[in-house]
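protein18.cif (mmCIF, C-alpha atoms (C1' of nucleotides))
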data_run
loop_
_atom_site.label_atom_id
_atom_site.label_comp_id
_atom_site.auth_asym_id
_atom_site.auth_seq_id
_atom_site.Cartn_x
_atom_site.Cartn_y
_atom_site.Cartn_z
CA MET A 127 -18.58 20.08 -14.37
CA SER A 128 -20.33 20.66 -11.15
CA LYS A 129 -18.65 22.42 -8.31
CA GLN A 130 -19.93 21.62 -4.92
CA ALA A 131 -19.36 24.50 -2.59
CA ASP A 132 -20.19 23.06 0.79
CA LEU A 133 -19.88 19.35 0.85
CA PRO A 134 -20.67 18.09 4.33
CA VAL A 135 -17.84 15.61 4.50
CA LEU A 136 -14.22 16.08 3.53
CA GLY A 137 -14.53 18.92 1.12
CA GLN A 138 -10.78 18.93 0.23
CA ASP A 139 -10.44 19.81 -3.40
CA GLU A 140 -12.34 17.97 -6.06
CA ALA A 141 -9.19 17.17 -7.96
CA CYS A 142 -8.42 13.94 -6.21
CA CYS A 143 -11.24 13.21 -3.85
CA ALA A 144 -14.11 12.24 -6.00
CA PRO A 145 -14.55 8.49 -6.02
CA MET A 146 -12.08 7.02 -8.46
CA VAL A 147 -15.03 5.41 -10.14
CA ARG A 148 -15.96 8.79 -11.53
CA GLU A 149 -12.77 9.86 -13.26
CA PRO A 150 -9.23 8.64 -13.80
CA LEU A 151 -6.66 9.80 -11.30
CA GLY A 152 -3.99 12.20 -12.42
CA GLU A 153 -0.35 11.29 -11.96
CA VAL A 154 0.20 13.77 -9.17
CA ASP A 155 -2.83 12.74 -7.15
CA ALA A 156 -2.03 9.09 -7.69
CA ALA A 157 1.47 9.63 -6.37
CA GLU A 158 0.29 11.30 -3.20
CA LEU A 159 -2.54 8.88 -2.56
CA SER A 160 -0.32 5.88 -3.16
CA ARG A 161 1.97 7.16 -0.43
CA MET A 162 -0.92 7.11 2.00
CA PHE A 163 -2.04 3.66 0.94
CA LYS A 164 1.52 2.45 1.26
CA ALA A 165 1.43 3.50 4.87
CA LEU A 166 -1.63 1.30 5.27
CA SER A 167 -0.06 -1.63 3.47
CA ASP A 168 1.57 -3.15 6.53
CA PRO A 169 -0.51 -5.20 8.99
CA ILE A 170 1.27 -3.75 12.00
CA ARG A 171 0.67 -0.20 10.85
CA LEU A 172 -2.96 -1.01 10.17
CA ARG A 173 -3.37 -2.37 13.67
CA LEU A 174 -1.46 0.57 15.13
CA LEU A 175 -3.79 2.96 13.36
CA SER A 176 -6.88 1.17 14.57
CA LEU A 177 -5.49 1.00 18.09
CA ILE A 178 -4.90 4.73 18.05
CA ALA A 179 -8.23 5.55 16.45
CA SER A 180 -10.27 3.37 18.75
CA HIS A 181 -8.40 4.35 21.87
CA GLU A 182 -10.25 6.25 24.52
CA GLY A 183 -9.97 9.96 23.95
CA GLY A 184 -8.97 9.44 20.34
CA GLU A 185 -5.29 9.31 21.14
CA ALA A 186 -2.84 6.81 22.49
CA CYS A 187 0.56 6.89 24.12
CA VAL A 188 3.34 4.90 22.51
CA CYS A 189 3.49 2.95 25.73
CA ASP A 190 -0.01 1.67 24.90
CA LEU A 191 1.10 0.61 21.45
CA THR A 192 4.24 -1.42 22.00
CA GLY A 193 2.65 -4.14 24.09
CA PRO A 194 0.27 -5.79 21.62
CA PHE A 195 2.99 -6.57 19.07
CA ASP A 196 5.76 -9.08 18.76
CA VAL A 197 8.21 -6.67 17.23
CA SER A 198 10.77 -4.51 18.97
CA GLN A 199 10.19 -1.00 20.24
CA PRO A 200 12.34 0.63 17.52
CA THR A 201 10.23 -1.12 14.92
CA ILE A 202 7.03 0.27 16.40
CA SER A 203 8.62 3.68 16.48
CA HIS A 204 9.53 3.29 12.84
CA HIS A 205 5.99 2.34 11.87
CA LEU A 206 4.58 5.30 13.75
CA LYS A 207 6.96 7.54 11.87
CA VAL A 208 5.73 6.13 8.57
CA LEU A 209 2.13 6.80 9.56
CA ARG A 210 3.01 10.32 10.61
CA GLU A 211 4.96 11.13 7.46
CA ALA A 212 2.06 9.84 5.38
CA GLY A 213 -0.13 12.43 7.06
CA LEU A 214 -2.40 9.86 8.65
CA VAL A 215 -1.64 10.59 12.29
CA GLY A 216 -0.38 13.47 14.36
CA SER A 217 1.84 13.24 17.41
CA GLU A 218 2.95 15.30 20.35
CA ARG A 219 5.26 14.83 23.28
CA ARG A 220 3.60 15.49 26.61
CA GLY A 221 6.13 15.16 29.39
CA THR A 222 7.58 11.71 29.40
CA TRP A 223 5.15 10.22 26.92
CA VAL A 224 4.44 10.76 23.25
CA TYR A 225 0.85 10.64 22.10
CA TYR A 226 -0.49 9.81 18.66
CA TRP A 227 -3.90 10.54 17.19
CA VAL A 228 -5.55 9.92 13.85
CA LEU A 229 -6.09 12.73 11.36
CA PRO A 230 -9.67 12.01 10.26
CA GLU A 231 -9.45 14.30 7.28
CA ALA A 232 -6.82 12.08 5.68
CA LEU A 233 -8.69 8.86 6.36
CA GLY A 234 -11.89 10.41 5.07
CA ARG A 235 -10.17 11.41 1.89
CA LEU A 236 -9.08 7.86 1.20
CA SER A 237 -12.47 6.53 2.19
CA ALA A 238 -14.21 8.86 -0.23
CA LEU A 239 -11.85 7.87 -3.00
CA LEU A 240 -12.77 4.22 -2.64
CA GLU A 241 -16.46 4.83 -2.34
CA THR A 242 -18.47 2.85 -4.82
CA PRO A 243 -21.48 4.90 -5.86
CA ALA A 244 -23.67 1.92 -6.63
CA VAL A 245 -23.65 -1.51 -8.11
CA PRO A 246 -21.95 -1.73 -11.49
CA ALA A 247 -23.61 -2.20 -14.86
CA LYS A 248 -26.42 0.00 -13.66
CA ALA A 249 -25.37 3.02 -15.64
CA SER A 250 -26.94 6.28 -14.62
CA ALA A 251 -26.96 8.28 -17.81
CA MET B 133 -23.52 -12.43 -16.44
CA SER B 134 -23.07 -10.55 -13.29
CA LYS B 135 -22.94 -12.58 -10.15
CA GLN B 136 -23.55 -9.38 -8.35
CA ALA B 137 -26.31 -9.74 -5.82
CA ASP B 138 -28.47 -6.78 -5.04
CA LEU B 139 -26.39 -5.65 -2.14
CA PRO B 140 -26.34 -1.90 -2.57
CA VAL B 141 -23.54 -0.91 -0.27
CA LEU B 142 -20.90 -2.91 1.52
CA GLY B 143 -22.99 -4.84 3.94
CA GLN B 144 -20.22 -7.37 4.63
CA ASP B 145 -19.88 -8.58 8.14
CA GLU B 146 -19.05 -6.32 11.01
CA ALA B 147 -16.03 -8.36 12.01
CA CYS B 148 -13.59 -6.41 9.91
CA CYS B 149 -15.62 -3.78 8.20
CA ALA B 150 -16.68 -1.48 10.91
CA PRO B 151 -14.67 1.70 10.76
CA MET B 152 -11.34 1.08 12.43
CA VAL B 153 -12.14 4.02 14.61
CA ARG B 154 -14.59 1.83 16.46
CA GLU B 155 -12.47 -1.11 17.47
CA PRO B 156 -8.93 -2.40 17.05
CA LEU B 157 -8.28 -4.66 14.11
CA GLY B 158 -7.50 -8.30 14.76
CA GLU B 159 -4.32 -9.79 13.38
CA VAL B 160 -6.09 -11.83 10.75
CA ASP B 161 -8.21 -8.99 9.45
CA ALA B 162 -5.23 -6.66 9.47
CA ALA B 163 -3.24 -9.12 7.41
CA GLU B 164 -5.92 -9.45 4.78
CA LEU B 165 -6.71 -5.76 4.62
CA SER B 166 -3.06 -4.81 4.43
CA ARG B 167 -2.77 -7.01 1.36
CA MET B 168 -5.50 -5.00 -0.32
CA PHE B 169 -3.97 -1.69 0.68
CA LYS B 170 -0.61 -2.88 -0.60
CA ALA B 171 -2.21 -3.36 -3.97
CA LEU B 172 -3.23 0.29 -3.82
CA SER B 173 0.17 1.47 -2.68
CA ASP B 174 1.59 1.93 -6.15
CA PRO B 175 0.71 5.02 -8.22
CA ILE B 176 0.44 3.04 -11.43
CA ARG B 177 -1.93 0.52 -9.87
CA LEU B 178 -4.01 3.33 -8.44
CA ARG B 179 -4.30 4.93 -11.84
CA LEU B 180 -5.02 1.59 -13.45
CA LEU B 181 -7.82 0.99 -11.00
CA SER B 182 -9.33 4.39 -11.58
CA LEU B 183 -9.01 3.96 -15.33
CA ILE B 184 -10.86 0.66 -15.13
CA ALA B 185 -13.48 1.94 -12.71
CA SER B 186 -14.22 5.08 -14.65
CA HIS B 187 -14.15 3.42 -18.03
CA GLU B 188 -17.33 3.30 -20.01
CA GLY B 189 -19.26 0.16 -19.21
CA GLY B 190 -17.34 -0.34 -16.00
CA GLU B 191 -14.67 -2.43 -17.65
CA ALA B 192 -11.61 -1.88 -19.75
CA CYS B 193 -9.49 -3.91 -22.11
CA VAL B 194 -5.78 -4.17 -21.36
CA CYS B 195 -5.25 -2.45 -24.67
CA ASP B 196 -6.92 0.62 -23.17
CA LEU B 197 -4.61 0.50 -20.19
CA THR B 198 -1.13 0.21 -21.64
CA GLY B 199 -1.17 3.49 -23.52
CA PRO B 200 -1.39 6.04 -20.68
CA PHE B 201 1.74 4.79 -18.93
CA ASP B 202 5.45 5.05 -19.52
CA VAL B 203 6.18 1.53 -18.40
CA SER B 204 6.38 -1.59 -20.49
CA GLN B 205 3.50 -3.91 -21.27
CA PRO B 206 4.80 -6.70 -19.00
CA THR B 207 4.87 -4.25 -16.15
CA ILE B 208 1.26 -3.27 -16.73
CA SER B 209 0.35 -6.92 -16.89
CA HIS B 210 2.15 -7.47 -13.60
CA HIS B 211 0.27 -4.63 -11.91
CA LEU B 212 -3.05 -5.94 -13.17
CA LYS B 213 -2.17 -9.32 -11.72
CA VAL B 214 -1.46 -7.73 -8.35
CA LEU B 215 -4.81 -5.97 -8.40
CA ARG B 216 -6.56 -9.18 -9.36
CA GLU B 217 -4.84 -11.28 -6.69
CA ALA B 218 -5.75 -8.67 -4.10
CA GLY B 219 -9.38 -9.23 -5.00
CA LEU B 220 -9.89 -5.67 -6.20
CA VAL B 221 -10.63 -6.42 -9.84
CA GLY B 222 -11.94 -9.28 -11.89
CA SER B 223 -10.85 -10.21 -15.38
CA GLU B 224 -11.97 -12.28 -18.30
CA ARG B 225 -10.63 -13.09 -21.74
CA ARG B 226 -13.07 -12.33 -24.52
CA GLY B 227 -11.62 -13.42 -27.81
CA THR B 228 -8.40 -11.60 -28.43
CA TRP B 229 -8.74 -9.12 -25.62
CA VAL B 230 -8.74 -9.39 -21.86
CA TYR B 231 -11.10 -7.20 -19.91
CA TYR B 232 -10.79 -6.00 -16.33
CA TRP B 233 -13.46 -4.59 -14.05
CA VAL B 234 -13.53 -3.36 -10.49
CA LEU B 235 -15.07 -5.43 -7.71
CA PRO B 236 -17.07 -2.77 -5.85
CA GLU B 237 -17.60 -4.94 -2.83
CA ALA B 238 -13.87 -4.96 -2.11
CA LEU B 239 -13.44 -1.23 -2.57
CA GLY B 240 -16.49 -0.58 -0.45
CA ARG B 241 -15.06 -2.69 2.31
CA LEU B 242 -11.90 -0.63 2.43
CA SER B 243 -13.85 2.57 2.17
CA ALA B 244 -16.02 1.62 5.12
CA LEU B 245 -12.99 0.72 7.17
CA LEU B 246 -11.51 4.18 6.72
CA GLU B 247 -14.72 5.99 7.35
CA THR B 248 -14.41 8.62 10.04
CA PRO B 249 -17.62 8.97 12.02
CA ALA B 250 -17.19 12.67 12.69
CA VAL B 251 -14.76 15.51 12.82
CA PRO B 252 -12.19 15.43 15.59
CA ALA B 253 -13.15 16.77 18.96
CA LYS B 254 -10.69 19.62 18.80
CA ALA B 255 -11.80 21.12 15.52
CA SER B 256 -15.48 21.65 16.24
CA ALA B 257 -16.32 23.72 19.24
"C1'" DC C 194 23.38 15.55 40.34
"C1'" DG C 195 22.94 10.75 38.82
"C1'" DG C 196 20.14 7.32 37.46
"C1'" DC C 197 15.92 5.58 35.45
"C1'" DT C 198 12.15 5.09 32.03
"C1'" DG C 199 10.10 6.18 27.57
"C1'" DT C 200 10.89 7.14 22.78
"C1'" DA C 201 13.59 8.07 18.55
"C1'" DT C 202 17.55 7.45 15.52
"C1'" DC C 203 21.31 4.80 13.43
"C1'" DG C 204 23.56 1.21 10.81
"C1'" DA C 205 23.24 -3.33 9.12
"C1'" DC C 206 21.02 -7.03 6.98
"C1'" DA C 207 17.64 -10.04 4.53
"C1'" DT C 208 13.74 -9.86 1.94
"C1'" DC C 209 10.40 -7.86 -1.04
"C1'" DC C 210 8.99 -5.06 -5.06
"C1'" DG C 211 8.91 -2.62 -9.56
"C1'" DT C 212 11.00 -2.78 -13.71
"C1'" DC C 213 12.91 -4.58 -17.92
"C1'" DG C 214 13.85 -7.63 -22.22
"C1'" DA C 215 13.03 -12.05 -23.89
"C1'" DT C 216 9.81 -15.28 -24.68
"C1'" DA C 217 5.61 -18.15 -24.38
"C1'" DC C 218 0.76 -18.47 -25.08
"C1'" DA C 219 -4.07 -17.37 -27.09
"C1'" DG C 220 -6.93 -16.24 -30.76
"C1'" DC C 221 -7.95 -13.99 -35.18
"C1'" DA C 222 -6.92 -13.35 -40.22
"C1'" DT C 223 -5.12 -14.61 -44.39
"C1'" DA D 3 -0.99 -23.83 -41.68
"C1'" DT D 4 1.25 -19.56 -41.08
"C1'" DG D 5 1.72 -15.36 -39.51
"C1'" DC D 6 0.24 -11.42 -36.75
"C1'" DT D 7 -1.49 -9.02 -32.66
"C1'" DG D 8 -2.68 -8.93 -27.80
"C1'" DT D 9 -1.54 -10.56 -23.24
"C1'" DA D 10 0.94 -13.29 -19.69
"C1'" DT D 11 5.04 -15.45 -17.69
"C1'" DC D 12 10.04 -15.80 -16.77
"C1'" DG D 13 14.54 -14.54 -15.02
"C1'" DA D 14 17.35 -10.91 -13.65
"C1'" DC D 15 18.64 -6.70 -11.43
"C1'" DG D 16 18.60 -2.46 -8.51
"C1'" DG D 17 16.32 -0.07 -5.09
"C1'" DA D 18 12.96 0.13 -1.33
"C1'" DT D 19 11.22 -1.84 3.05
"C1'" DG D 20 10.83 -4.28 7.67
"C1'" DT D 21 13.45 -5.82 11.18
"C1'" DC D 22 16.93 -5.93 14.71
"C1'" DG D 23 20.50 -4.44 18.44
"C1'" DA D 24 22.97 -0.62 19.93
"C1'" DT D 25 22.71 3.84 21.17
"C1'" DA D 26 21.22 8.68 21.66
"C1'" DC D 27 17.90 11.88 23.38
"C1'" DA D 28 14.06 13.71 26.62
"C1'" DG D 29 12.03 14.19 30.87
"C1'" DC D 30 10.86 12.54 35.59
"C1'" DC D 31 12.44 11.31 40.34
"C1'" DG D 32 15.35 10.29 44.17
#

Have the structure of the file written as structure tokens, please.
Amino acid sequence: MSKQADLPVLGQDEACCAPMVREPLGEVDAAELSRMFKALSDPIRLRLLSLIASHEGGEACVCDLTGPFDVSQPTISHHLKVLREAGLVGSERRGTWVYYWVLPEALGRLSALLETPAVPAKASA
Amino acid sequence: MSKQADLPVLGQDEACCAPMVREPLGEVDAAELSRMFKALSDPIRLRLLSLIASHEGGEACVCDLTGPFDVSQPTISHHLKVLREAGLVGSERRGTWVYYWVLPEALGRLSALLETPAVPAKASA
DNA sequence: CGGCTGTATCGACATCCGTCGATACAGCAT
DNA sequence: ATGCTGTATCGACGGATGTCGATACAGCCG
């Protein structure tokens, strides 16, 4: 087993962050990761996340996020809470407004997990 | 018989597959992507997927997949169906057994979407 | 101070989802 | 053919989830 000391991207711990193509996920890791994916499993939350991530300055006020959707303000607030509790975004009140930003470490962890090393059937011995 | 072209990594189209950090997701893309993430939002499905992906030969028989879990065989079959209908795995009956394999293009698409271009502005001085 | 705007929480409701046992279906072996 | 094993489908049930309106909380401004 090779231990990589200084991986350039998302060096978390190797327990759960190697591409799932390499080794089966343990129960504990699967539970935690599934919670994050569940937060991404709603189209509104996905759009919220992308709105936040792509917003100028890397953060967005809730007031920027309620407009584009057809659902009520409490519903948006609920979805933002889900994203926050999944560890995908951070938030902070600044005066009247509340700002949300993406936590790139979390996204990167999921991204790395889903990475496909190469085309299949081309086994590297 | 792999219908896999020689596309090495997730070249898709940039409409939905650029990192979501770059531009907000459209409603249609968000709907489709959220369906895939929903398939990943269950710990058993996540473990199933990693078992399949990491299995020797890149594919696994259902008989290899029912053992590691505490749930019934119909439940496993249901989860495999969800993964298949989300476009994350393919399957084929070969005599008595049914084999499942991962569709790397789909995983790569999700991975690319979650890619974070760099560390956040605050962290690196 | 009182009122106004922005955001979160609460309680209720309909729908969706994971799970099961029972059962149907597919293919091999005898 | 008959039975046996592997897998999928069905119907049901309990719990989770998305949504709303009503309301509470936080901070600005007159």

*Counting only C-alpha atoms, which residues from chain A have an atom at most 8 Å from any atom of chain B, and could you show them as a ChimeraX atom specification?*
/A:146-153,156-157,159-170,172-173,175-177,179-180,229-231,233-234,236-242,244-247,249

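Among the candidates C:DC194, C:DA217, C:DT200, C:DT208, the residue lying nearest to chain A is C:DT200 (atoms considered: all atoms listed in the file).
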
Please write as a compact mmCIF listing (two decimals) with C-alpha atoms (C1' of nucleotides), in the frame of the given file the full residue list that the PyMOL selection byres ((chain D and resi 10) around 8) yields on this file.
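New file part_9.txt:
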# COMPACT_ATOMS: atom_id res chain seq x y z
CA PRO B 206 4.80 -6.70 -19.00
CA SER B 209 0.35 -6.92 -16.89
C1' DC C 218 0.76 -18.47 -25.08
C1' DT D 9 -1.54 -10.56 -23.24
C1' DT D 11 5.04 -15.45 -17.69

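Of note, CA of Val214 (chain B) and C1' of DT212 (chain C) are spaced 14.4 Å apart.
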
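Atom pair CA of His205 (chain A) / C1' of DC22 (chain D) has a distance of 14.0 Å (rounded to one decimal).
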
*Using all atoms listed in the file, find which residues of chain D lie within 12 Å of chain A and jot them down as a PyMOL selection string.*
chain D and resi 18-25+27-31

Return as JSON lines the residues of chain C lying at most 9 Å from chain A, together with the closest atom-to-atom pair for each and the distance in Å to one decimal, counting only C-alpha atoms (C1' of nucleotides), with rows in chain order and ascending residue number.
{"residue": "C:DT198", "atom": "C1'", "partner": "A:Thr222", "partner_atom": "CA", "distance": 8.5}
{"residue": "C:DG199", "atom": "C1'", "partner": "A:Thr222", "partner_atom": "CA", "distance": 6.3}
{"residue": "C:DT200", "atom": "C1'", "partner": "A:Val224", "partner_atom": "CA", "distance": 7.4}
{"residue": "C:DA201", "atom": "C1'", "partner": "A:Ser203", "partner_atom": "CA", "distance": 6.9}
{"residue": "C:DT202", "atom": "C1'", "partner": "A:Pro200", "partner_atom": "CA", "distance": 8.8}

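CA of Cys187 (chain A) to CA of Gly216 (chain A) spans 11.8 Å [interatomic distance, one decimal].
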
*Run the PyMOL selection byres ((chain D and resi 12) around 9) on the file and write out the hits as an MDAnalysis selection string.*
(chainID C and resid 215:216) or (chainID D and resid 11 13)
